[in-house]
Amino acid sequence: MDILVINSGSSSIKFQLINMHNKKVLCKGLLERIGIADGIFNYESHDGKDKIKETRDIPNHRVGIKMILDVIQDPKAGVIKSLDEIEGVGHRIVHGGEKINTSVLLTEANIKLIEECIPLAPLHNPPNLMGVEAVKSELPNVPHVGVFDTAFHATMPEESYIYGLNYEYYEKHRIRRFGFHGTSHQYVAEKGADILGIPRDQFNCVTCHMGNGVSFTAVKNGKSFDTSLGYGTMCGIPMGTRAGDLDPAILLHMLDNLKMSTKDVHNQIYNNSGLKGMSGLSNDMRDVQKAAAEGNKRAELALEVFAHAAKKYIGAFSTLMGGTLHAIIFTAGIGENDIATRERICNGLEVLGARIDKKKNDIRGEEKIVSTDDSRVKIMVIPTNEELMIALETHRVAEESH
Ligand code: AMP
């Protein structure tokens with residue numbers, strides 16, 4: 001049986017259909033510019049034989065979902081004979097707040113809880129829910145499961161999620177660390193444990209998700225123990241366009257003395273900082289690397305700041321394991337592909353017992369141990385697979401609910 005995975009954004013829907021017997025992707029696609037002129041419909045079957053890329057009018061999510069369900073059972077381009085082959089639908093949902101701490105069936109009551117989290121993720125939860133509603137109306141008789149970016153971090157202890165603020169802000173306003181990219185951290189941590197033959201519930205590692213968004217997690221005994229993103233998605237290591245950790249005094253200075261509006265400050269720290277702001281060039285790590293190699297000083301500085309922050313978080317998180325650190329795992333666009341950044345970050349980690357092997361590290365997008373044979377802590381590259389993790393979770397929750 002197959003699981004349909006849906007990642008619904010405000011103007012886009014990403015999807016994959018996954019066969020749960022062999023965990024293979026049957027087909028995948030991306031609909032863009034939903035509700036805007038010149039919508040784009042992308043579809044590809046597993047063997048790459050059937051590819052569709054065309055401009056279509058996609059006025060809303062419901063129409064988009066209908067297009068997806070039509071193409072996957074289309075006699076020519078499709079990969080299934082009928083929608084009866086779909087055993088369940090997994091929906092990526094960004095925020096589950098404090099009340100949802102695992103993947104759940106999308107019952108009326110749980111959908112209400114997700115709606116209550118809209119103030120925490122105003123840009124993400126509403127379009128996620130639009131996708132849920134649209135697919136549920138087309139496939140009302142299969143289980144729909146929500147898989148949350150925040151859920152993996154629900155195991156963090158109080159000392160990780162409480163800020164040094166007056167406790168009232170937690171009690172009254174639930175201001176705390178939530179953490180994100182949970183599906184990715186969980187996937188690579190479980191995979192890392194399996195590769196090293198260590199029981200998942202005894203595995204200690206630091207997972208380094210480095211894409212356009214960046215977050216690191218201290219995984220202790222297979223569970224999230226601390227993570228670098230917080231109440232929102234702007235802190236921790238500098239990202240493509242986000243600043244990462246900032247002294248709050250800077251924000252007050254921008255507001256009070258530089259007379260910037262809240263909107264301007266938000267725009268600066270969210271859209272114009274990080275690699276883009278520091279280099280003055282681009283949020284894309286490839287561009288920054290290229291410029292640094294050509295002698296651009298600010299690009300070189302951006303790379304150094306990025307690696308310095310990454311190193312600092314790995315060091316800090318290593319001290320939280322209460323025992324052996326087994327591995328440091330790199331994933332997502334930069335983590336999987338950027339050989340030079342991995343090397344820059346790992347330089348100096350010998351102090352933790354982690355030694356990178358330059359030759360082994362010369363890979364992109366492969367699952368591989370890239371530390372030296374005598375490295376006590378393994379350094380690993382594991383391509384993330386959030387869609388498969390969502391499918392596995394959907395399958396598990398659907399089975400348990402029978
Ligand atoms: P993601 O958000 O996971 O898609 O990752 C996007 C980031 O990965 C961007 O900063 C890209 O520049 C970076 N990236 C992708 N491929 C490479 C590569 N070959 N070398 C360096 N960075 C890369």
# chains A, B, ... in the order shown; residues from 1 in each chain; ligands from 1

call {"tool": "residues_around", "arguments": {"residues": "Ser401 of chain A", "least_positions_apart": "6", "cutoff": "10 Å", "atoms": "only C-alpha atoms", "output": "PDB file with N, CA and C atoms, in the first residue's frame"}}
result
ATOM      1  N   VAL A 104      -0.097  12.854  14.827  1.00  0.00           N
ATOM      2  CA  VAL A 104      -1.468  12.519  15.256  1.00  0.00           C
ATOM      3  C   VAL A 104      -2.421  12.381  14.072  1.00  0.00           C
ATOM      4  N   LEU A 105      -3.502  11.629  14.304  1.00  0.00           N
ATOM      5  CA  LEU A 105      -4.591  11.567  13.332  1.00  0.00           C
ATOM      6  C   LEU A 105      -5.231  12.949  13.265  1.00  0.00           C
ATOM      7  N   PRO A 143      -7.009   7.332   6.597  1.00  0.00           N
ATOM      8  CA  PRO A 143      -6.490   8.137   7.703  1.00  0.00           C
ATOM      9  C   PRO A 143      -5.595   9.277   7.211  1.00  0.00           C
ATOM     10  N   HIS A 395       2.184   5.849   8.451  1.00  0.00           N
ATOM     11  CA  HIS A 395       1.930   4.406   8.474  1.00  0.00           C
ATOM     12  C   HIS A 395       1.779   3.928   9.925  1.00  0.00           C
TER      13      HIS A 395
END

call {"tool": "residues_around", "arguments": {"residues": "Leu26 of chain A", "least_positions_apart": "5", "cutoff": "9 Å", "atoms": "only C-alpha atoms", "output": "ChimeraX atom specification"}}
result
/A:2,16-19,44-47,79-80

call {"tool": "write_last_selection", "arguments": {"atoms": "all heavy atoms", "output": "compact mmCIF listing (two decimals), in the first residue's frame"}}
result
# COMPACT_ATOMS: atom_id res chain seq x y z
N ASP A 2 0.27 2.34 -0.44
CA ASP A 2 1.05 3.57 -0.63
C ASP A 2 0.58 4.69 0.31
O ASP A 2 -0.58 4.74 0.70
CB ASP A 2 0.90 4.06 -2.07
CG ASP A 2 1.18 2.93 -3.07
OD1 ASP A 2 2.06 2.10 -2.76
OD2 ASP A 2 0.50 2.88 -4.11
N GLN A 16 4.65 13.61 -2.65
CA GLN A 16 5.32 12.36 -3.04
C GLN A 16 4.36 11.23 -2.74
O GLN A 16 3.64 11.27 -1.74
CB GLN A 16 6.59 12.12 -2.20
CG GLN A 16 7.79 12.89 -2.67
CD GLN A 16 9.10 12.41 -2.04
OE1 GLN A 16 9.16 11.40 -1.34
NE2 GLN A 16 10.16 13.15 -2.31
N LEU A 17 4.38 10.20 -3.59
CA LEU A 17 3.63 8.98 -3.29
C LEU A 17 4.68 7.91 -3.02
O LEU A 17 5.57 7.67 -3.85
CB LEU A 17 2.76 8.60 -4.49
CG LEU A 17 1.80 7.43 -4.24
CD1 LEU A 17 0.73 7.80 -3.21
CD2 LEU A 17 1.11 7.01 -5.55
N ILE A 18 4.60 7.28 -1.83
CA ILE A 18 5.65 6.34 -1.42
C ILE A 18 5.07 4.95 -1.19
O ILE A 18 4.04 4.80 -0.51
CB ILE A 18 6.36 6.85 -0.13
CG1 ILE A 18 7.01 8.22 -0.42
CG2 ILE A 18 7.40 5.85 0.38
CD1 ILE A 18 7.73 8.86 0.75
N ASN A 19 5.70 3.96 -1.79
CA ASN A 19 5.31 2.56 -1.59
C ASN A 19 5.89 2.09 -0.25
O ASN A 19 7.10 2.08 -0.06
CB ASN A 19 5.88 1.73 -2.76
CG ASN A 19 5.59 0.25 -2.60
OD1 ASN A 19 5.63 -0.29 -1.49
ND2 ASN A 19 5.32 -0.41 -3.72
N GLU A 44 6.74 14.06 -11.83
CA GLU A 44 7.73 13.11 -12.35
C GLU A 44 7.45 11.73 -11.77
O GLU A 44 7.26 11.58 -10.56
CB GLU A 44 9.12 13.58 -11.88
CG GLU A 44 10.25 12.87 -12.56
CD GLU A 44 11.61 13.37 -12.05
OE1 GLU A 44 11.72 14.58 -11.74
OE2 GLU A 44 12.53 12.56 -11.95
N SER A 45 7.39 10.72 -12.63
CA SER A 45 7.21 9.35 -12.13
C SER A 45 8.58 8.82 -11.70
O SER A 45 9.62 9.36 -12.05
CB SER A 45 6.60 8.45 -13.20
OG SER A 45 7.49 8.36 -14.29
N HIS A 46 8.58 7.72 -10.92
CA HIS A 46 9.81 7.24 -10.28
C HIS A 46 10.93 6.94 -11.27
O HIS A 46 12.10 7.16 -10.99
CB HIS A 46 9.52 5.99 -9.44
CG HIS A 46 8.93 4.87 -10.24
ND1 HIS A 46 9.68 3.83 -10.70
CD2 HIS A 46 7.68 4.66 -10.69
CE1 HIS A 46 8.90 3.02 -11.38
NE2 HIS A 46 7.68 3.50 -11.39
N ASP A 47 10.57 6.43 -12.46
CA ASP A 47 11.61 6.06 -13.42
C ASP A 47 12.04 7.25 -14.28
O ASP A 47 12.91 7.12 -15.14
CB ASP A 47 11.13 4.91 -14.30
CG ASP A 47 9.74 5.17 -14.85
OD1 ASP A 47 9.31 6.34 -14.80
OD2 ASP A 47 9.09 4.23 -15.32
N VAL A 79 0.95 6.29 -11.73
CA VAL A 79 1.69 5.15 -11.18
C VAL A 79 0.80 4.20 -10.40
O VAL A 79 1.26 3.17 -9.92
CB VAL A 79 2.85 5.63 -10.27
CG1 VAL A 79 3.95 6.28 -11.07
CG2 VAL A 79 2.35 6.61 -9.19
N ILE A 80 -0.49 4.55 -10.23
CA ILE A 80 -1.43 3.62 -9.58
C ILE A 80 -2.70 3.50 -10.42
O ILE A 80 -2.99 4.39 -11.24
CB ILE A 80 -1.81 4.08 -8.13
CG1 ILE A 80 -2.31 5.53 -8.12
CG2 ILE A 80 -0.65 3.90 -7.17
CD1 ILE A 80 -2.82 5.99 -6.74

call {"tool": "select_by_dssp", "arguments": {"residues": "segment 199-337 of chain A", "states": "strand (DSSP E)", "output": "mmCIF file with N, CA and C atoms, in the first residue's frame"}}
result
data_model
loop_
_atom_site.group_PDB
_atom_site.id
_atom_site.type_symbol
_atom_site.label_atom_id
_atom_site.label_comp_id
_atom_site.auth_asym_id
_atom_site.auth_seq_id
_atom_site.Cartn_x
_atom_site.Cartn_y
_atom_site.Cartn_z
ATOM 1 N N CYS A 205 24.037 12.052 19.656
ATOM 2 C CA CYS A 205 24.697 12.726 18.519
ATOM 3 C C CYS A 205 24.291 14.187 18.460
ATOM 4 N N VAL A 206 25.035 14.943 17.663
ATOM 5 C CA VAL A 206 24.605 16.299 17.330
ATOM 6 C C VAL A 206 24.218 16.265 15.862
ATOM 7 N N THR A 207 22.955 16.588 15.571
ATOM 8 C CA THR A 207 22.508 16.600 14.180
ATOM 9 C C THR A 207 22.576 18.045 13.675
ATOM 10 N N CYS A 208 23.242 18.224 12.534
ATOM 11 C CA CYS A 208 23.476 19.566 11.992
ATOM 12 C C CYS A 208 22.691 19.715 10.693
ATOM 13 N N HIS A 209 21.494 20.285 10.774
ATOM 14 C CA HIS A 209 20.665 20.522 9.582
ATOM 15 C C HIS A 209 21.074 21.883 9.023
ATOM 16 N N MET A 210 21.777 21.854 7.885
ATOM 17 C CA MET A 210 22.278 23.103 7.311
ATOM 18 C C MET A 210 21.751 23.270 5.886
ATOM 19 N N VAL A 214 18.836 26.832 9.177
ATOM 20 C CA VAL A 214 19.874 26.023 9.834
ATOM 21 C C VAL A 214 19.446 25.750 11.275
ATOM 22 N N SER A 215 19.462 24.482 11.671
ATOM 23 C CA SER A 215 19.324 24.201 13.104
ATOM 24 C C SER A 215 20.103 22.959 13.487
ATOM 25 N N PHE A 216 20.681 23.022 14.692
ATOM 26 C CA PHE A 216 21.441 21.894 15.236
ATOM 27 C C PHE A 216 20.664 21.362 16.432
ATOM 28 N N THR A 217 20.748 20.040 16.643
ATOM 29 C CA THR A 217 20.046 19.452 17.786
ATOM 30 C C THR A 217 20.972 18.519 18.562
ATOM 31 N N ALA A 218 20.882 18.618 19.894
ATOM 32 C CA ALA A 218 21.564 17.655 20.766
ATOM 33 C C ALA A 218 20.605 16.489 20.946
ATOM 34 N N VAL A 219 20.962 15.335 20.377
ATOM 35 C CA VAL A 219 20.100 14.154 20.490
ATOM 36 C C VAL A 219 20.721 13.229 21.533
ATOM 37 N N LYS A 220 20.004 13.049 22.638
ATOM 38 C CA LYS A 220 20.522 12.244 23.751
ATOM 39 C C LYS A 220 19.613 11.036 23.927
ATOM 40 N N LYS A 223 16.629 11.004 21.694
ATOM 41 C CA LYS A 223 15.577 12.028 21.823
ATOM 42 C C LYS A 223 16.184 13.419 21.762
ATOM 43 N N SER A 224 15.371 14.380 21.280
ATOM 44 C CA SER A 224 15.860 15.758 21.261
ATOM 45 C C SER A 224 16.016 16.245 22.696
ATOM 46 N N PHE A 225 17.197 16.781 23.002
ATOM 47 C CA PHE A 225 17.488 17.247 24.362
ATOM 48 C C PHE A 225 17.654 18.764 24.386
ATOM 49 N N ASP A 226 18.101 19.326 23.255
ATOM 50 C CA ASP A 226 18.208 20.784 23.123
ATOM 51 C C ASP A 226 18.352 21.069 21.635
ATOM 52 N N THR A 227 18.021 22.264 21.231
ATOM 53 C CA THR A 227 18.110 22.590 19.801
ATOM 54 C C THR A 227 18.356 24.079 19.624
ATOM 55 N N ALA A 327 28.252 10.544 17.542
ATOM 56 C CA ALA A 327 28.401 11.044 16.167
ATOM 57 C C ALA A 327 28.003 12.502 16.019
ATOM 58 N N ILE A 328 28.561 13.105 14.989
ATOM 59 C CA ILE A 328 28.136 14.430 14.520
ATOM 60 C C ILE A 328 27.612 14.181 13.110
ATOM 61 N N ILE A 329 26.372 14.567 12.857
ATOM 62 C CA ILE A 329 25.745 14.220 11.571
ATOM 63 C C ILE A 329 25.408 15.486 10.789
ATOM 64 N N PHE A 330 25.889 15.567 9.546
ATOM 65 C CA PHE A 330 25.595 16.709 8.675
ATOM 66 C C PHE A 330 24.500 16.350 7.681
ATOM 67 N N THR A 331 23.538 17.274 7.523
ATOM 68 C CA THR A 331 22.477 17.020 6.544
ATOM 69 C C THR A 331 21.950 18.329 5.946
#

call {"tool": "residues_near_ligand", "arguments": {"ligand": "ligand 1", "cutoff": "12 Å", "atoms": "only C-alpha atoms and all ligand atoms", "output": "PyMOL selection string"}}
result
chain A and resi 181+184+208-215+238-242+274-276+282-290+303+306+330-342+362-366+383-386

call {"tool": "closest_residue", "arguments": {"among": "A:Ala243, A:Ile369, A:Val63, A:Val377", "to": "Glu350 of chain A", "atoms": "only C-alpha atoms"}}
result
A:Val377

call {"tool": "residues_around", "arguments": {"residues": "Arg92 of chain A", "least_positions_apart": "2", "cutoff": "7 Å", "atoms": "only C-alpha atoms", "output": "PyMOL selection string"}}
result
chain A and resi 6-7+90+94+146-148

call {"tool": "write_last_selection", "arguments": {"atoms": "all heavy atoms", "output": "PDB file, in the first residue's frame"}}
result
ATOM      1  N   ILE A   6       2.017  15.104   1.706  1.00  0.00           N
ATOM      2  CA  ILE A   6       1.657  16.442   1.220  1.00  0.00           C
ATOM      3  C   ILE A   6       2.333  17.511   2.070  1.00  0.00           C
ATOM      4  O   ILE A   6       2.267  17.473   3.295  1.00  0.00           O
ATOM      5  CB  ILE A   6       0.109  16.649   1.316  1.00  0.00           C
ATOM      6  CG1 ILE A   6      -0.646  15.671   0.411  1.00  0.00           C
ATOM      7  CG2 ILE A   6      -0.285  18.089   1.025  1.00  0.00           C
ATOM      8  CD1 ILE A   6      -0.594  15.990  -1.068  1.00  0.00           C
ATOM      9  N   ASN A   7       2.994  18.460   1.388  1.00  0.00           N
ATOM     10  CA  ASN A   7       3.585  19.607   2.081  1.00  0.00           C
ATOM     11  C   ASN A   7       2.978  20.849   1.436  1.00  0.00           C
ATOM     12  O   ASN A   7       3.375  21.261   0.344  1.00  0.00           O
ATOM     13  CB  ASN A   7       5.110  19.573   1.903  1.00  0.00           C
ATOM     14  CG  ASN A   7       5.789  20.697   2.666  1.00  0.00           C
ATOM     15  OD1 ASN A   7       5.142  21.612   3.164  1.00  0.00           O
ATOM     16  ND2 ASN A   7       7.104  20.617   2.759  1.00  0.00           N
ATOM     17  N   GLY A  90      -0.061  11.634   4.681  1.00  0.00           N
ATOM     18  CA  GLY A  90       0.747  12.307   5.702  1.00  0.00           C
ATOM     19  C   GLY A  90       0.881  13.766   5.347  1.00  0.00           C
ATOM     20  O   GLY A  90       1.256  14.105   4.222  1.00  0.00           O
ATOM     21  N   VAL A  94       3.797  22.579  10.386  1.00  0.00           N
ATOM     22  CA  VAL A  94       4.964  23.184  11.030  1.00  0.00           C
ATOM     23  C   VAL A  94       4.841  23.193  12.548  1.00  0.00           C
ATOM     24  O   VAL A  94       5.710  22.699  13.253  1.00  0.00           O
ATOM     25  CB  VAL A  94       5.225  24.606  10.474  1.00  0.00           C
ATOM     26  CG1 VAL A  94       6.181  25.385  11.371  1.00  0.00           C
ATOM     27  CG2 VAL A  94       5.829  24.487   9.081  1.00  0.00           C
ATOM     28  N   GLY A 146      -1.080  14.145  10.772  1.00  0.00           N
ATOM     29  CA  GLY A 146      -0.250  15.347  10.804  1.00  0.00           C
ATOM     30  C   GLY A 146       1.114  14.995  11.399  1.00  0.00           C
ATOM     31  O   GLY A 146       1.190  14.346  12.438  1.00  0.00           O
ATOM     32  N   VAL A 147       2.181  15.385  10.694  1.00  0.00           N
ATOM     33  CA  VAL A 147       3.545  15.157  11.197  1.00  0.00           C
ATOM     34  C   VAL A 147       4.170  16.549  11.367  1.00  0.00           C
ATOM     35  O   VAL A 147       4.197  17.333  10.414  1.00  0.00           O
ATOM     36  CB  VAL A 147       4.349  14.271  10.219  1.00  0.00           C
ATOM     37  CG1 VAL A 147       5.755  14.018  10.746  1.00  0.00           C
ATOM     38  CG2 VAL A 147       3.614  12.943   9.999  1.00  0.00           C
ATOM     39  N   PHE A 148       4.630  16.839  12.576  1.00  0.00           N
ATOM     40  CA  PHE A 148       4.943  18.214  12.976  1.00  0.00           C
ATOM     41  C   PHE A 148       6.446  18.481  13.054  1.00  0.00           C
ATOM     42  O   PHE A 148       7.198  17.661  13.584  1.00  0.00           O
ATOM     43  CB  PHE A 148       4.313  18.488  14.350  1.00  0.00           C
ATOM     44  CG  PHE A 148       2.816  18.391  14.318  1.00  0.00           C
ATOM     45  CD1 PHE A 148       2.183  17.147  14.345  1.00  0.00           C
ATOM     46  CD2 PHE A 148       2.042  19.528  14.222  1.00  0.00           C
ATOM     47  CE1 PHE A 148       0.802  17.042  14.281  1.00  0.00           C
ATOM     48  CE2 PHE A 148       0.656  19.430  14.159  1.00  0.00           C
ATOM     49  CZ  PHE A 148       0.041  18.188  14.186  1.00  0.00           C
TER      50      PHE A 148
END

call {"tool": "atom_distance", "arguments": {"atom1": "atom CA of Thr107 of chain A", "atom2": "atom CA of Val132 of chain A"}}
result
10.8 Å

call {"tool": "residues_around", "arguments": {"residues": "Glu367 of chain A", "least_positions_apart": "3", "cutoff": "8 Å", "atoms": "only C-alpha atoms", "output": "VMD selection string"}}
result
chain A and resid 380 to 383

call {"tool": "residues_around", "arguments": {"residues": "segment 256-267 of chain A", "least_positions_apart": "6", "cutoff": "12 Å", "atoms": "only C-alpha atoms", "output": "list in words"}}
result
Thr233, Met234, Thr241, Arg242, Ala243, Pro248, Ala249, Ile250, Ser273 and Gly277 of chain A

call {"tool": "residues_around", "arguments": {"residues": "Leu165 of chain A", "least_positions_apart": "4", "cutoff": "12 Å", "atoms": "only C-alpha atoms", "output": "JSON, numbers by chain"}}
result
{"A": [161, 169, 170, 171, 173, 174, 175, 176, 177]}

call {"tool": "closest_residue", "arguments": {"among": "A:His402, A:Lys51, A:Phe178, A:Asn141", "to": "Met156 of chain A", "atoms": "only C-alpha atoms"}}
result
A:Phe178

call {"tool": "atom_distance", "arguments": {"atom1": "atom CA of Leu281 of chain A", "atom2": "atom CA of Ser12 of chain A"}}
result
26.9 Å

call {"tool": "residues_around", "arguments": {"residues": "Gly348 of chain A", "least_positions_apart": "2", "cutoff": "12 Å", "atoms": "only C-alpha atoms", "output": "compact mmCIF listing (two decimals) with all heavy atoms, in the first residue's frame"}}
result
# COMPACT_ATOMS: atom_id res chain seq x y z
N ALA A 307 30.98 29.00 10.16
CA ALA A 307 31.67 27.82 10.70
C ALA A 307 31.94 27.98 12.19
O ALA A 307 31.82 27.03 12.97
CB ALA A 307 32.98 27.58 9.95
N HIS A 308 32.27 29.21 12.60
CA HIS A 308 32.55 29.49 14.01
C HIS A 308 31.30 29.19 14.86
O HIS A 308 31.37 28.51 15.88
CB HIS A 308 32.97 30.96 14.14
CG HIS A 308 33.20 31.43 15.53
ND1 HIS A 308 34.42 31.32 16.14
CD2 HIS A 308 32.38 32.01 16.43
CE1 HIS A 308 34.34 31.81 17.38
NE2 HIS A 308 33.10 32.23 17.56
N ALA A 310 28.73 27.34 14.04
CA ALA A 310 28.41 25.91 13.96
C ALA A 310 29.26 25.11 14.95
O ALA A 310 28.78 24.26 15.69
CB ALA A 310 28.64 25.41 12.53
N LYS A 311 30.56 25.44 14.97
CA LYS A 311 31.51 24.77 15.85
C LYS A 311 31.11 24.97 17.32
O LYS A 311 31.15 24.05 18.12
CB LYS A 311 32.88 25.43 15.62
CG LYS A 311 34.04 24.49 15.54
CD LYS A 311 35.32 25.30 15.46
CE LYS A 311 35.60 25.92 14.11
NZ LYS A 311 36.59 25.24 13.32
N LYS A 312 30.71 26.20 17.62
CA LYS A 312 30.35 26.55 19.00
C LYS A 312 29.14 25.73 19.46
O LYS A 312 29.11 25.21 20.57
CB LYS A 312 30.02 28.06 19.03
CG LYS A 312 30.29 28.72 20.32
CD LYS A 312 30.53 30.22 20.18
CE LYS A 312 29.31 31.03 19.88
NZ LYS A 312 29.52 32.47 19.97
N ILE A 314 28.16 22.83 18.22
CA ILE A 314 28.54 21.40 18.33
C ILE A 314 29.25 21.19 19.67
O ILE A 314 28.96 20.24 20.41
CB ILE A 314 29.44 20.96 17.15
CG1 ILE A 314 28.64 20.99 15.85
CG2 ILE A 314 30.01 19.55 17.41
CD1 ILE A 314 29.48 20.76 14.59
N GLY A 315 30.16 22.10 20.00
CA GLY A 315 30.89 21.99 21.26
C GLY A 315 29.93 22.04 22.44
O GLY A 315 29.98 21.18 23.33
N ARG A 342 31.96 21.64 5.56
CA ARG A 342 32.10 20.55 6.55
C ARG A 342 33.51 20.54 7.12
O ARG A 342 33.72 20.40 8.32
CB ARG A 342 31.77 19.20 5.90
CG ARG A 342 30.29 18.96 5.65
CD ARG A 342 30.02 17.48 5.41
NE ARG A 342 30.76 16.92 4.31
CZ ARG A 342 30.28 16.67 3.09
NH1 ARG A 342 29.03 16.95 2.81
NH2 ARG A 342 31.03 16.13 2.15
N GLU A 343 34.49 20.71 6.23
CA GLU A 343 35.89 20.67 6.68
C GLU A 343 36.19 21.85 7.61
O GLU A 343 36.80 21.71 8.66
CB GLU A 343 36.82 20.69 5.47
CG GLU A 343 38.24 20.33 5.86
CD GLU A 343 39.19 20.39 4.66
OE1 GLU A 343 38.79 19.98 3.57
OE2 GLU A 343 40.31 20.88 4.85
N ARG A 344 35.70 23.04 7.23
CA ARG A 344 35.94 24.24 8.03
C ARG A 344 35.34 24.07 9.43
O ARG A 344 35.94 24.43 10.43
CB ARG A 344 35.27 25.43 7.33
CG ARG A 344 36.01 26.74 7.46
CD ARG A 344 35.18 27.83 6.82
NE ARG A 344 35.57 28.13 5.46
CZ ARG A 344 36.27 29.22 5.11
NH1 ARG A 344 36.67 30.08 6.03
NH2 ARG A 344 36.56 29.47 3.86
N ILE A 345 34.12 23.49 9.49
CA ILE A 345 33.46 23.31 10.80
C ILE A 345 34.22 22.28 11.64
O ILE A 345 34.40 22.44 12.84
CB ILE A 345 31.98 22.87 10.61
CG1 ILE A 345 31.17 24.00 9.97
CG2 ILE A 345 31.36 22.46 11.94
CD1 ILE A 345 29.76 23.60 9.56
N CYS A 346 34.66 21.21 10.98
CA CYS A 346 35.27 20.11 11.75
C CYS A 346 36.70 20.40 12.17
O CYS A 346 37.22 19.75 13.07
CB CYS A 346 35.21 18.81 10.96
SG CYS A 346 33.52 18.21 10.83
N GLU A 350 38.81 18.12 16.91
CA GLU A 350 39.65 17.05 17.45
C GLU A 350 39.57 17.06 18.97
O GLU A 350 39.67 16.02 19.62
CB GLU A 350 41.12 17.23 17.02
CG GLU A 350 41.37 17.14 15.52
CD GLU A 350 41.02 18.43 14.78
OE1 GLU A 350 40.76 19.45 15.43
OE2 GLU A 350 41.00 18.39 13.53
N VAL A 351 39.35 18.24 19.54
CA VAL A 351 39.27 18.37 20.99
C VAL A 351 38.13 17.51 21.56
O VAL A 351 38.16 17.08 22.71
CB VAL A 351 39.13 19.87 21.38
CG1 VAL A 351 37.80 20.44 20.94
CG2 VAL A 351 39.33 20.09 22.86
N LEU A 352 37.13 17.24 20.73
CA LEU A 352 36.01 16.39 21.16
C LEU A 352 36.25 14.93 20.82
O LEU A 352 35.42 14.07 21.13
CB LEU A 352 34.71 16.82 20.45
CG LEU A 352 34.23 18.24 20.63
CD1 LEU A 352 33.03 18.50 19.72
CD2 LEU A 352 33.83 18.47 22.09
N GLY A 353 37.32 14.67 20.10
CA GLY A 353 37.56 13.30 19.63
C GLY A 353 36.95 13.05 18.26
O GLY A 353 36.69 11.91 17.89
N ALA A 354 36.73 14.13 17.51
CA ALA A 354 36.15 13.99 16.17
C ALA A 354 37.17 14.48 15.14
O ALA A 354 37.57 15.65 15.15
CB ALA A 354 34.87 14.81 16.06
N ARG A 355 37.60 13.57 14.28
CA ARG A 355 38.66 13.90 13.32
C ARG A 355 38.15 13.63 11.90
O ARG A 355 37.80 12.50 11.56
CB ARG A 355 39.86 13.00 13.62
CG ARG A 355 41.17 13.44 13.01
CD ARG A 355 42.30 12.53 13.47
NE ARG A 355 42.56 12.64 14.90
CZ ARG A 355 43.32 13.59 15.45
NH1 ARG A 355 43.90 14.49 14.70
NH2 ARG A 355 43.51 13.62 16.75
N ILE A 356 38.09 14.68 11.09
CA ILE A 356 37.58 14.49 9.72
C ILE A 356 38.68 13.92 8.83
O ILE A 356 39.86 14.22 9.01
CB ILE A 356 37.02 15.83 9.17
CG1 ILE A 356 36.14 15.57 7.94
CG2 ILE A 356 38.12 16.83 8.85
CD1 ILE A 356 35.16 16.67 7.63

call {"tool": "atom_distance", "arguments": {"atom1": "atom CA of Asp194 of chain A", "atom2": "atom CA of Cys27 of chain A"}}
result
26.6 Å

call {"tool": "select_by_dssp", "arguments": {"residues": "segment 58-218 of chain A", "states": "helix (DSSP H, G or I)", "output": "ChimeraX atom specification"}}
result
/A:61-72,83-85,108-116,118-120,125-138,151-155,158-161,168-173,182-196,200-202
